[in-house]
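*Asks:* Here you go, one structure.
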Amino acid sequence: MKLQEWLEHISLQHSKAIDMGLDRMREMVGRLDLERPAEKVVTVAGTNGKGSTLTYISSILSASGFTVDSYISPHLVHFNERIKIGRRGYQEDIDDAALEDILLECEQVNDGDPITIFELITAAAFLKFSQTKSDFLILETGLGGRLDATNVIQNPLVSVITPIGIDHQQFLGDSIQEIASEKAGIIKDKCKTVLSYQDLSLIHI
């Protein structure tokens with residue numbers, strides 16, 4: 001199938017609902033042997049500025065001569081924007097053929113088991129990143145952090161928390177404290193964390 005057919009296929013075959021949890025994703029990356037798709041991983045979570053922060057980090061590293069892969073969600077115009085592949089000094093969107101190949105492999109490995117669209121796409125992205133051998137991988141969480149599909153990586157090089165506000169209350173909690181706790185789930189023991197300036201006036205909301 002061509003890319004658009006694949007996207008329509010997975011849209012029909014897999015749940016579009018947000019279903020927080022890591023069990024399905026852990027099973028999938030285990031089958032693919034992809035629990036660490038790159039050696040140096042930077043994970044970005046937060047409410048505001050995730051995409052900008054990821055772009056800044058990627059641009060700085062690329063301008064320094066490193067190859068940098070990155071993963072974002074959702075895309076702005078084209079689906080391929082979600083998976084960017086590092087070249088020396090710049091990045092480019094994954095091409096259709098490569099995206100078709102990784103989606104096919106992940107569908108075959110999943111073998112009809114329950115999995116959400118976001119989890120399947122994240123697993124496919126991890127598969128591609130494991131093949132590129134780029135110097136860095138920058139991951140933007142989709143929603144929250146603790147139970148986000150990207151959070152199967154246990155030891156990131158750096159965890160980044162951008163400004164936190166009230167968002168996705170039905171999944172993350174009604175208070176800023178509850179939401180912050182979910183976002184902070186990307187912080188790992190003995191790994192570096194960079195925390196953005198936070199608006200303390202929100203604490204009592």
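Quick note on naming: the chains in the structure tokens go A, B, ... in the order shown, residues restart at 1 in each chain, and ligands are numbered from 1 in order of appearance.
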Per residue of segment 100-201 of chain A within 12 Å of segment 77-81 of chain A, which atom pair is closest and at what distance in Å (one decimal), using only C-alpha atoms, listed by chain and increasing number, as a tab-separated table?

*Replies:*
residue	atom	partner	partner_atom	distance
A:Glu100	CA	A:Asn80	CA	10.5
A:Ile121	CA	A:Phe79	CA	10.5
A:Ala124	CA	A:Asn80	CA	11.9
A:Ala125	CA	A:Asn80	CA	10.4

*Asks:* What lies within 8 Å of Gly49 of chain A using only C-alpha atoms, ignoring chain neighbours under 4 positions off, as a VMD selection string?

*Replies:* chain A and resid 53 162 to 163

*Asks:* Counting only C-alpha atoms, give me one row per residue of segment 118-162 of chain A with an atom at most 12 Å from an atom of segment 7-11 of chain A, showing the shortest contact pair and its distance in Å to one decimal, sorted by chain then residue number, as CSV.

*Replies:*
residue,atom,partner,partner_atom,distance
A:Phe118,CA,A:Ile10,CA,10.1
A:Glu119,CA,A:Ile10,CA,11.2
A:Leu120,CA,A:Ile10,CA,8.6
A:Ile121,CA,A:Ile10,CA,9.4

*Asks:* How many Å lie between atom CA of Gln169 of chain A and atom CA of Ser181 of chain A, rounded to one decimal?

*Replies:* 12.6 Å

*Asks:* Go through A:Ser175, A:Ser59, A:Gln154, A:Ser52 one by one, measure the shortest atom-to-atom distance of each to Ile72 of chain A using only C-alpha atoms, and give the residue with the smallest value.

*Replies:*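 Of the candidates, the smallest distance to Ile72 of chain A is held by A:Ser52.
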
*Asks:* Apply DSSP to the structure's backbone, then extract all residues of segment 3-196 of chain A labelled strand (DSSP E or B) and return them as JSON, numbers by chain.

*Replies:* {"A": [15, 41, 42, 43, 44, 45, 68, 69, 70, 71, 83, 84, 85, 86, 87, 90, 91, 92, 93, 116, 136, 137, 138, 139, 140, 158, 159, 160, 161, 192, 193, 194, 195]}

*Asks:* Contacts of Asp101 of chain A at 12 Å or less, counting only C-alpha atoms, minus same-chain residues fewer than 6 places along, as a CSV table (one decimal) with N, CA and C atoms, in the first residue's frame?

*Replies:*
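Wrote selection.csv, looks like this:
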chain,number,residue,atom,x,y,z
A,1,MET,N,0.8,-1.2,0.0
A,1,MET,CA,0.0,0.0,0.0
A,1,MET,C,0.9,1.3,0.0
A,2,LYS,N,0.4,2.3,-0.6
A,2,LYS,CA,1.0,3.6,-0.6
A,2,LYS,C,0.7,4.3,0.8
A,3,LEU,N,1.5,5.4,1.0
A,3,LEU,CA,1.4,6.0,2.3
A,3,LEU,C,0.0,6.3,2.7
A,6,TRP,N,-1.9,3.4,3.7
A,6,TRP,CA,-1.5,2.9,5.0
A,6,TRP,C,-2.2,3.8,6.1
A,94,ILE,N,10.9,12.3,7.0
A,94,ILE,CA,11.0,10.9,6.5
A,94,ILE,C,10.3,10.9,5.1
A,95,ASP,N,10.8,10.1,4.2
A,95,ASP,CA,10.1,10.0,2.9
A,95,ASP,C,9.0,9.0,2.9
A,107,GLU,N,3.0,-3.2,11.8
A,107,GLU,CA,1.7,-3.9,11.7
A,107,GLU,C,1.9,-5.4,11.7
A,108,GLN,N,3.0,-5.9,11.0
A,108,GLN,CA,3.2,-7.3,11.0
A,108,GLN,C,3.7,-7.8,12.4
A,124,ALA,N,6.8,2.9,15.2
A,124,ALA,CA,7.3,2.9,13.8
A,124,ALA,C,8.5,4.0,13.8
A,125,ALA,N,8.2,5.1,14.5
A,125,ALA,CA,9.3,6.1,14.5
A,125,ALA,C,10.5,5.6,15.2
A,127,LEU,N,11.5,2.6,15.4
A,127,LEU,CA,12.1,1.6,14.5
A,127,LEU,C,13.0,2.4,13.5
A,128,LYS,N,12.5,3.4,12.9
A,128,LYS,CA,13.3,4.2,11.9
A,128,LYS,C,14.5,4.8,12.6

*Asks:* Report as CSV the residues of segment 54-121 of chain A within 6 Å of segment 129-135 of chain A, each with its shortest atom pair and distance in Å (one decimal), using only C-alpha atoms, ordered by chain and increasing residue number.

*Replies:*
residue,atom,partner,partner_atom,distance
A:Phe66,CA,A:Asp135,CA,6.0
A:Thr67,CA,A:Ser134,CA,5.1
A:Val68,CA,A:Ser134,CA,5.7

*Asks:* Could you give me, as a short mmCIF file (atom, residue, chain, number, x, y, z; two decimals) with N, CA and C atoms, in the first residue's frame, the residues within 12 Å of Glu140 of chain A, counting only C-alpha atoms and dropping anything in the same chain fewer than 6 positions from it?

*Replies:*
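After the write, selection-v3.cif holds the following:
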data_model
loop_
_atom_site.label_atom_id
_atom_site.label_comp_id
_atom_site.auth_asym_id
_atom_site.auth_seq_id
_atom_site.Cartn_x
_atom_site.Cartn_y
_atom_site.Cartn_z
N VAL A 41 19.25 10.45 23.99
CA VAL A 41 17.84 10.85 23.82
C VAL A 41 17.52 12.02 24.73
N VAL A 42 16.86 13.02 24.17
CA VAL A 42 16.34 14.16 24.94
C VAL A 42 14.82 14.11 24.84
N THR A 43 14.13 14.07 25.97
CA THR A 43 12.67 14.01 25.99
C THR A 43 12.11 15.34 26.47
N VAL A 44 11.11 15.85 25.78
CA VAL A 44 10.53 17.15 26.09
C VAL A 44 9.05 16.99 26.42
N ALA A 45 8.64 17.48 27.59
CA ALA A 45 7.24 17.47 28.00
C ALA A 45 6.88 18.85 28.53
N GLY A 46 5.58 19.11 28.67
CA GLY A 46 5.12 20.40 29.17
C GLY A 46 3.80 20.75 28.52
N THR A 47 3.29 21.91 28.82
CA THR A 47 2.03 22.37 28.23
C THR A 47 2.28 23.32 27.07
N ASN A 48 3.16 24.28 27.30
CA ASN A 48 3.43 25.31 26.29
C ASN A 48 4.90 25.27 25.86
N GLY A 49 5.12 25.41 24.56
CA GLY A 49 6.49 25.55 24.07
C GLY A 49 7.24 24.27 23.80
N LYS A 50 6.56 23.12 23.83
CA LYS A 50 7.27 21.86 23.57
C LYS A 50 7.87 21.85 22.16
N GLY A 51 7.05 22.18 21.18
CA GLY A 51 7.52 22.14 19.80
C GLY A 51 8.64 23.12 19.55
N SER A 52 8.51 24.34 20.09
CA SER A 52 9.56 25.35 19.91
C SER A 52 10.85 24.91 20.58
N THR A 53 10.73 24.35 21.78
CA THR A 53 11.92 23.89 22.50
C THR A 53 12.62 22.78 21.73
N LEU A 54 11.84 21.82 21.23
CA LEU A 54 12.42 20.74 20.43
C LEU A 54 13.13 21.31 19.20
N THR A 55 12.51 22.28 18.53
CA THR A 55 13.12 22.87 17.34
C THR A 55 14.41 23.60 17.68
N ILE A 57 16.46 22.99 20.22
CA ILE A 57 17.49 22.00 20.55
C ILE A 57 18.02 21.33 19.28
N SER A 58 17.10 20.92 18.41
CA SER A 58 17.49 20.26 17.17
C SER A 58 18.34 21.18 16.30
N ASP A 69 17.82 13.29 14.94
CA ASP A 69 16.47 12.84 14.61
C ASP A 69 15.50 13.48 15.59
N SER A 70 14.24 13.63 15.20
CA SER A 70 13.25 14.14 16.15
C SER A 70 11.86 13.62 15.82
N TYR A 71 11.02 13.63 16.86
CA TYR A 71 9.65 13.10 16.75
C TYR A 71 8.70 14.09 17.37
N ILE A 72 7.68 14.52 16.61
CA ILE A 72 6.69 15.46 17.12
C ILE A 72 5.29 14.92 16.86
N SER A 73 4.33 15.48 17.57
CA SER A 73 2.93 15.13 17.35
C SER A 73 2.06 16.24 17.93
N PRO A 74 1.05 16.69 17.17
CA PRO A 74 0.69 16.27 15.81
C PRO A 74 1.54 17.00 14.77
N HIS A 75 1.35 16.67 13.50
CA HIS A 75 2.04 17.37 12.43
C HIS A 75 1.26 18.64 12.07
N ARG A 82 6.16 14.41 11.32
CA ARG A 82 6.28 13.85 12.66
C ARG A 82 7.64 13.19 12.89
N ILE A 83 8.22 12.65 11.84
CA ILE A 83 9.47 11.91 11.95
C ILE A 83 10.52 12.61 11.10
N LYS A 84 11.44 13.29 11.76
CA LYS A 84 12.50 14.02 11.06
C LYS A 84 13.82 13.27 11.22
N THR A 122 4.35 5.78 17.04
CA THR A 122 5.53 5.99 17.86
C THR A 122 6.49 4.82 17.74
N ASP A 148 2.80 8.54 28.63
CA ASP A 148 2.89 8.78 27.19
C ASP A 148 3.71 7.69 26.53
N ALA A 149 3.37 7.33 25.31
CA ALA A 149 4.04 6.23 24.60
C ALA A 149 5.54 6.45 24.46
N THR A 150 5.97 7.70 24.36
CA THR A 150 7.41 7.97 24.23
C THR A 150 8.17 7.67 25.50
N ASN A 151 7.47 7.51 26.62
CA ASN A 151 8.13 7.40 27.92
C ASN A 151 8.57 5.98 28.25
N SER A 159 16.00 15.24 30.37
CA SER A 159 14.55 15.44 30.34
C SER A 159 14.29 16.94 30.45
N VAL A 160 13.42 17.46 29.59
CA VAL A 160 13.13 18.89 29.56
C VAL A 160 11.65 19.10 29.87
N ILE A 161 11.37 19.97 30.84
CA ILE A 161 9.99 20.32 31.17
C ILE A 161 9.76 21.79 30.83
N THR A 162 8.90 22.05 29.86
CA THR A 162 8.57 23.42 29.48
C THR A 162 7.47 23.94 30.41
N LYS A 183 3.38 15.34 33.93
CA LYS A 183 4.44 15.82 33.03
C LYS A 183 5.81 15.41 33.56
N ILE A 186 8.50 12.09 33.00
CA ILE A 186 9.63 11.82 32.09
C ILE A 186 10.97 11.96 32.81
#

*Asks:* What does the distance from atom CA of Asp19 of chain A to atom CA of Ile164 of chain A come to in Å, to one decimal?

*Replies:* 21.4 Å

*Asks:* Atom CA of Leu157 of chain A and atom CA of Ala98 of chain A are how many Å apart?

*Replies:* 26.9 Å

*Asks:* Could you pull the residues within 10 Å of Met28 of chain A, counting only C-alpha atoms, minus those fewer than 5 positions along the same chain, as a PyMOL selection string?

*Replies:* chain A and resi 22-23+33-35+106+109-110+113+115+119-120+123-124

*Asks:* Can those selected residues be exported to a file as a PDB file, in the first residue's frame so that it contains N, CA, C and O atoms?

*Replies:*
ATOM      1  N   LEU A  22       1.373   2.273  29.378  1.00  0.00           N
ATOM      2  CA  LEU A  22       2.601   1.901  28.684  1.00  0.00           C
ATOM      3  C   LEU A  22       2.695   0.412  28.355  1.00  0.00           C
ATOM      4  O   LEU A  22       3.644  -0.006  27.679  1.00  0.00           O
ATOM      5  N   ASP A  23       1.752  -0.387  28.798  1.00  0.00           N
ATOM      6  CA  ASP A  23       1.861  -1.831  28.614  1.00  0.00           C
ATOM      7  C   ASP A  23       1.915  -2.218  27.145  1.00  0.00           C
ATOM      8  O   ASP A  23       2.746  -3.038  26.729  1.00  0.00           O
ATOM      9  N   ASP A  33      12.632  -5.053  19.759  1.00  0.00           N
ATOM     10  CA  ASP A  33      13.932  -4.855  20.411  1.00  0.00           C
ATOM     11  C   ASP A  33      14.380  -3.409  20.278  1.00  0.00           C
ATOM     12  O   ASP A  33      15.506  -3.106  19.882  1.00  0.00           O
ATOM     13  N   LEU A  34      13.466  -2.486  20.647  1.00  0.00           N
ATOM     14  CA  LEU A  34      13.696  -1.056  20.419  1.00  0.00           C
ATOM     15  C   LEU A  34      13.544  -0.216  21.681  1.00  0.00           C
ATOM     16  O   LEU A  34      13.179   0.955  21.589  1.00  0.00           O
ATOM     17  N   GLU A  35      13.798  -0.772  22.852  1.00  0.00           N
ATOM     18  CA  GLU A  35      13.583   0.010  24.059  1.00  0.00           C
ATOM     19  C   GLU A  35      14.492   1.226  24.116  1.00  0.00           C
ATOM     20  O   GLU A  35      14.234   2.178  24.843  1.00  0.00           O
ATOM     21  N   CYS A 106       5.763  -2.697  11.555  1.00  0.00           N
ATOM     22  CA  CYS A 106       5.130  -2.616  12.873  1.00  0.00           C
ATOM     23  C   CYS A 106       3.761  -3.302  12.875  1.00  0.00           C
ATOM     24  O   CYS A 106       3.396  -3.952  13.861  1.00  0.00           O
ATOM     25  N   VAL A 109       4.514  -7.025  13.063  1.00  0.00           N
ATOM     26  CA  VAL A 109       5.001  -7.413  14.391  1.00  0.00           C
ATOM     27  C   VAL A 109       3.879  -7.353  15.418  1.00  0.00           C
ATOM     28  O   VAL A 109       3.776  -8.205  16.301  1.00  0.00           O
ATOM     29  N   ASN A 110       2.998  -6.364  15.284  1.00  0.00           N
ATOM     30  CA  ASN A 110       1.889  -6.241  16.229  1.00  0.00           C
ATOM     31  C   ASN A 110       0.906  -7.393  16.095  1.00  0.00           C
ATOM     32  O   ASN A 110       0.275  -7.808  17.079  1.00  0.00           O
ATOM     33  N   ASP A 113      -2.813  -7.355  17.565  1.00  0.00           N
ATOM     34  CA  ASP A 113      -3.076  -7.090  18.984  1.00  0.00           C
ATOM     35  C   ASP A 113      -3.569  -5.657  19.183  1.00  0.00           C
ATOM     36  O   ASP A 113      -3.278  -4.769  18.370  1.00  0.00           O
ATOM     37  N   ILE A 115      -3.733  -1.932  19.984  1.00  0.00           N
ATOM     38  CA  ILE A 115      -2.740  -0.863  20.076  1.00  0.00           C
ATOM     39  C   ILE A 115      -3.393   0.391  19.514  1.00  0.00           C
ATOM     40  O   ILE A 115      -4.218   0.316  18.596  1.00  0.00           O
ATOM     41  N   GLU A 119       0.393   4.937  19.486  1.00  0.00           N
ATOM     42  CA  GLU A 119       1.397   3.962  19.897  1.00  0.00           C
ATOM     43  C   GLU A 119       2.050   3.286  18.696  1.00  0.00           C
ATOM     44  O   GLU A 119       3.275   3.101  18.663  1.00  0.00           O
ATOM     45  N   LEU A 120       1.241   2.931  17.707  1.00  0.00           N
ATOM     46  CA  LEU A 120       1.778   2.277  16.515  1.00  0.00           C
ATOM     47  C   LEU A 120       2.736   3.214  15.773  1.00  0.00           C
ATOM     48  O   LEU A 120       3.828   2.805  15.354  1.00  0.00           O
ATOM     49  N   ALA A 123       5.962   3.609  17.750  1.00  0.00           N
ATOM     50  CA  ALA A 123       6.810   2.424  17.578  1.00  0.00           C
ATOM     51  C   ALA A 123       7.488   2.448  16.208  1.00  0.00           C
ATOM     52  O   ALA A 123       8.680   2.113  16.085  1.00  0.00           O
ATOM     53  N   ALA A 124       6.751   2.850  15.174  1.00  0.00           N
ATOM     54  CA  ALA A 124       7.327   2.945  13.835  1.00  0.00           C
ATOM     55  C   ALA A 124       8.450   3.978  13.797  1.00  0.00           C
ATOM     56  O   ALA A 124       9.500   3.756  13.187  1.00  0.00           O
TER      57      ALA A 124
END

*Asks:* Run DSSP on the backbone and tell me which residues of segment 3-72 of chain A come out as helix (DSSP H, G or I); list them as a ChimeraX atom specification.

*Replies:* /A:3-13,23-32,50-63

*Asks:* Using only C-alpha atoms, pick whichever of A:Ser201, A:Glu105, A:Pro114, A:Arg146 has the shortest atom-to-atom distance to Arg31 of chain A.

*Replies:*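 The shortest atom-to-atom distance to Arg31 of chain A comes from A:Glu105.
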